[in-house]
Amino acid sequence: MYLAGAAQAQTNDAAAFLKRLSATTAKAETLFVEFAQERHLALFEEPLRTEGFLAFQKPNSIRWEVTKPYRSILVCTGNNAAQFEENEGKWKRLDLSYMKSIPNFVAGMAMFLEGRYVERQQDYEFSVREEKGTVLVLKPKQKQAAQFIEAFELLFGDDLSAGARRVTMRQPDGDWTSINFTNQVANKALPAGTFDLQKPMEIEAVRKAVTQ
Amino acid sequence: MLVVLLAGCTPYRFGWSNPTWVKEARQTLSARPARLTQRAVVKAAGREFSCDGVVQFDADGGLELAVLSPMGVMAEVRMDSNGVVQVVKTAPSFRKAWAQEYIGTVVKLLFPVKVEEMATSMTVLWRREEDGRRWEYVFNGRKWQEATIRRGGRRVWEAKGSPELWRVKGPGVEIELRTVERK
């Protein structure tokens, strides 16, 4: 009885938080943010770290660029995508093998970045908890998705318009990945070349354009 | 007297006139950091994808390798100090048999174990017979630059380059491996 009551209260908390989140983050037309990703695998004592930048422009343009310890760019706009790998100072465009999954990937990322979680209530169970901010927890309802992901945890600060400060992906086997976002810039026009599928603009030039 | 310490290993002892080379070759093959991160571009069936390979070397000569895609772990394998590869886990969408055959083979190709057992000619540094396959590690001068696996005399796998940039070819697959971090 008590547990059922607690669960209902948590559901209500989550619903209220989602409503606030949706109203705030949906206003962001563009986003530019630095990220530091750490993968914690049971196999290794130390986490595996990568760093880079994420750029997003409504409705469906995304750029995920790793700058350390190697350089790699993934650009998606709508149903199209391109990936580039740097080798000895030169960029090489890959002939991608996963084009079919791109629209789903872009739609999922856009949903996260725009705070439109409510749309996925049939796919995820939502809850919230307080932990140096508000943590929104998404657990997949479908068995197939639960094979890959146990939960997404998104940490938000007081300013919800700034988006999630940290995203943690927990896998069923105990491994987990956390992505910390810093130096976020919202609603600054991104240069046209940011999402160019043939020759994306250098990330340093993009960063300068949005931070000046 | 020829001593074969490693079961299945075929040693050669002829024409090795410069013991300094032997020493340097051993050092090159056995010089391993605690951890190595490689970036791989894999070409298969006319398509390409990238992944990270993270190798952790054990003090006893074995290693653990995780192959990671942007979406998570594709496979984890362990190789013991005798070169026996075990697939620890694979992603639900990734076939375990594929991991055993392809990832296991590439690991053994690039990170030979028991190199202290080598005894060879001027070019072929180390050979090993296993499962009907012959593994050869070749030095040209003082640099390890080629590793091949032959079956029935035919070359089925080869790795050329250096520990910094390997180009690996196998049945239906080409892999370019760049070392991006050593710890």
# chains A, B, ... in the order shown; residues from 1 in each chain; ligands from 1
$ interface_residues --of "chain B" --to "chain A" --cutoff "10 Å" --atoms "only C-alpha atoms" --output "number ranges by chain"
B: 35, 37-50, 52, 54-56, 64-66, 68, 71-73, 76-78, 88-89, 91-93, 165, 178-181
$ atom_distance --atom1 "CA of Ala110 (chain A)" --atom2 "CA of Val33 (chain A)"
14.4 Å
$ residues_around --residues "Asp58 (chain B)" --least-positions-apart "2" --cutoff "9 Å" --atoms "only C-alpha atoms" --output "list of chain:residue names"
B:Ala34, B:Gln56, B:Asp60, B:Gly61, B:Gly62, B:Leu63, B:Glu64, B:Asp80, B:Ser81
$ write_last_selection --atoms "C-alpha atoms" --output "mmCIF file, in the first residue's frame"
data_model
loop_
_atom_site.group_PDB
_atom_site.id
_atom_site.type_symbol
_atom_site.label_atom_id
_atom_site.label_comp_id
_atom_site.auth_asym_id
_atom_site.auth_seq_id
_atom_site.Cartn_x
_atom_site.Cartn_y
_atom_site.Cartn_z
ATOM 1 C CA ALA B 34 49.447 -0.965 -19.859
ATOM 2 C CA GLN B 56 44.651 -3.826 -21.698
ATOM 3 C CA ASP B 60 51.549 -12.458 -17.624
ATOM 4 C CA GLY B 61 51.398 -11.768 -21.380
ATOM 5 C CA GLY B 62 47.644 -12.054 -21.842
ATOM 6 C CA LEU B 63 45.300 -9.216 -22.742
ATOM 7 C CA GLU B 64 41.723 -7.994 -22.703
ATOM 8 C CA ASP B 80 45.580 -15.742 -22.285
ATOM 9 C CA SER B 81 49.347 -15.980 -22.263
#
$ residues_around --residues "Met111 (chain A)" --least-positions-apart "3" --cutoff "12 Å" --atoms "only C-alpha atoms" --output "PyMOL selection string"
chain A and resi 21-22+25-26+56+58-60+62+104-108+114-120+163
$ write_last_selection --atoms "C-alpha atoms" --output "CSV table (one decimal), in the first residue's frame"
chain,number,residue,atom,x,y,z
A,21,LEU,CA,11.0,20.5,-19.1
A,22,SER,CA,9.0,20.4,-22.3
A,25,THR,CA,13.7,23.3,-23.7
A,26,ALA,CA,11.4,23.3,-26.7
A,56,PHE,CA,22.1,20.6,-32.9
A,58,LYS,CA,16.0,22.2,-35.2
A,59,PRO,CA,14.4,20.2,-36.6
A,60,ASN,CA,16.8,17.5,-37.4
A,62,ILE,CA,23.0,17.0,-35.6
A,104,ASN,CA,15.7,6.8,-35.9
A,105,PHE,CA,18.9,8.0,-34.4
A,106,VAL,CA,18.3,11.6,-35.4
A,107,ALA,CA,14.7,11.5,-34.2
A,108,GLY,CA,15.8,10.1,-30.9
A,114,GLU,CA,14.2,19.3,-27.4
A,115,GLY,CA,13.0,17.9,-24.2
A,116,ARG,CA,10.0,16.1,-25.9
A,117,TYR,CA,10.1,13.1,-23.6
A,118,VAL,CA,6.3,13.1,-23.2
A,119,GLU,CA,6.0,11.8,-26.8
A,120,ARG,CA,7.8,8.6,-25.7
A,163,GLY,CA,19.3,21.1,-21.1
$ decode --residues "region 105-194 of chain A" --atoms "C-alpha atoms" --output "short mmCIF file (atom, residue, chain, number, x, y, z; two decimals), in the first residue's frame"
data_model
loop_
_atom_site.label_atom_id
_atom_site.label_comp_id
_atom_site.auth_asym_id
_atom_site.auth_seq_id
_atom_site.Cartn_x
_atom_site.Cartn_y
_atom_site.Cartn_z
CA PHE A 105 18.95 8.01 -34.41
CA VAL A 106 18.30 11.62 -35.43
CA ALA A 107 14.69 11.49 -34.22
CA GLY A 108 15.79 10.06 -30.87
CA MET A 109 18.53 12.64 -30.38
CA ALA A 110 16.20 15.49 -31.37
CA MET A 111 13.66 14.26 -28.84
CA PHE A 112 16.28 14.34 -26.10
CA LEU A 113 17.66 17.71 -27.08
CA GLU A 114 14.25 19.34 -27.40
CA GLY A 115 12.96 17.85 -24.17
CA ARG A 116 10.04 16.13 -25.91
CA TYR A 117 10.09 13.10 -23.63
CA VAL A 118 6.32 13.06 -23.22
CA GLU A 119 6.04 11.76 -26.78
CA ARG A 120 7.80 8.56 -25.74
CA GLN A 121 5.67 7.58 -22.79
CA GLN A 122 4.65 4.39 -24.55
CA ASP A 123 8.34 3.39 -24.80
CA TYR A 124 9.73 4.50 -21.43
CA GLU A 125 8.80 4.48 -17.78
CA PHE A 126 9.69 7.85 -16.27
CA SER A 127 10.70 8.72 -12.74
CA VAL A 128 12.62 11.54 -11.06
CA ARG A 129 14.96 11.78 -8.09
CA GLU A 130 16.98 14.57 -6.52
CA GLU A 131 20.78 14.27 -6.66
CA LYS A 132 22.74 17.54 -7.01
CA GLY A 133 19.89 18.59 -9.28
CA THR A 134 16.96 16.70 -10.74
CA VAL A 135 17.65 13.32 -12.33
CA LEU A 136 15.12 12.15 -14.88
CA VAL A 137 15.24 8.36 -15.27
CA LEU A 138 13.93 6.64 -18.41
CA LYS A 139 13.58 2.86 -18.36
CA PRO A 140 12.62 1.11 -21.60
CA LYS A 141 9.33 -0.76 -21.41
CA GLN A 142 9.94 -3.04 -24.36
CA LYS A 143 11.99 -6.19 -23.82
CA GLN A 144 13.98 -5.76 -27.00
CA ALA A 145 15.15 -2.27 -26.04
CA ALA A 146 15.83 -3.41 -22.47
CA GLN A 147 18.37 -5.90 -23.82
CA PHE A 148 20.58 -2.96 -24.76
CA ILE A 149 19.74 -0.30 -22.18
CA GLU A 150 18.63 -0.64 -18.59
CA ALA A 151 18.09 3.09 -18.09
CA PHE A 152 18.93 6.59 -19.26
CA GLU A 153 19.53 9.07 -16.46
CA LEU A 154 19.54 12.77 -17.26
CA LEU A 155 20.78 15.29 -14.73
CA PHE A 156 19.31 18.79 -14.91
CA GLY A 157 20.29 21.92 -13.01
CA ASP A 158 17.95 24.74 -11.92
CA ASP A 159 17.99 26.27 -15.40
CA LEU A 160 16.09 23.69 -17.44
CA SER A 161 16.56 25.66 -20.65
CA ALA A 162 20.24 24.72 -20.49
CA GLY A 163 19.30 21.09 -21.13
CA ALA A 164 20.79 18.05 -19.41
CA ARG A 165 24.19 18.60 -17.78
CA ARG A 166 24.93 14.89 -17.74
CA VAL A 167 23.48 11.85 -19.48
CA THR A 168 24.20 8.40 -18.08
CA MET A 169 23.38 5.22 -19.99
CA ARG A 170 23.23 2.11 -17.86
CA GLN A 171 23.49 -1.27 -19.54
CA PRO A 172 21.96 -4.48 -18.19
CA ASP A 173 25.39 -6.06 -17.59
CA GLY A 174 26.51 -3.29 -15.23
CA ASP A 175 28.61 -1.28 -17.70
CA TRP A 176 27.70 2.38 -17.93
CA THR A 177 28.55 5.48 -19.93
CA SER A 178 28.30 9.05 -18.72
CA ILE A 179 28.44 12.14 -20.91
CA ASN A 180 29.04 15.46 -19.20
CA PHE A 181 28.03 18.59 -21.07
CA THR A 182 29.70 21.94 -20.43
CA ASN A 183 29.94 25.43 -21.94
CA GLN A 184 26.52 25.12 -23.49
CA VAL A 185 25.39 27.82 -25.93
CA ALA A 186 21.73 27.88 -26.93
CA ASN A 187 19.93 29.82 -29.64
CA LYS A 188 23.04 31.20 -31.35
CA ALA A 189 22.99 30.89 -35.14
CA LEU A 190 25.25 28.07 -36.28
CA PRO A 191 27.33 28.70 -39.44
CA ALA A 192 25.94 27.15 -42.61
CA GLY A 193 28.88 24.75 -42.93
CA THR A 194 28.30 23.18 -39.51
#
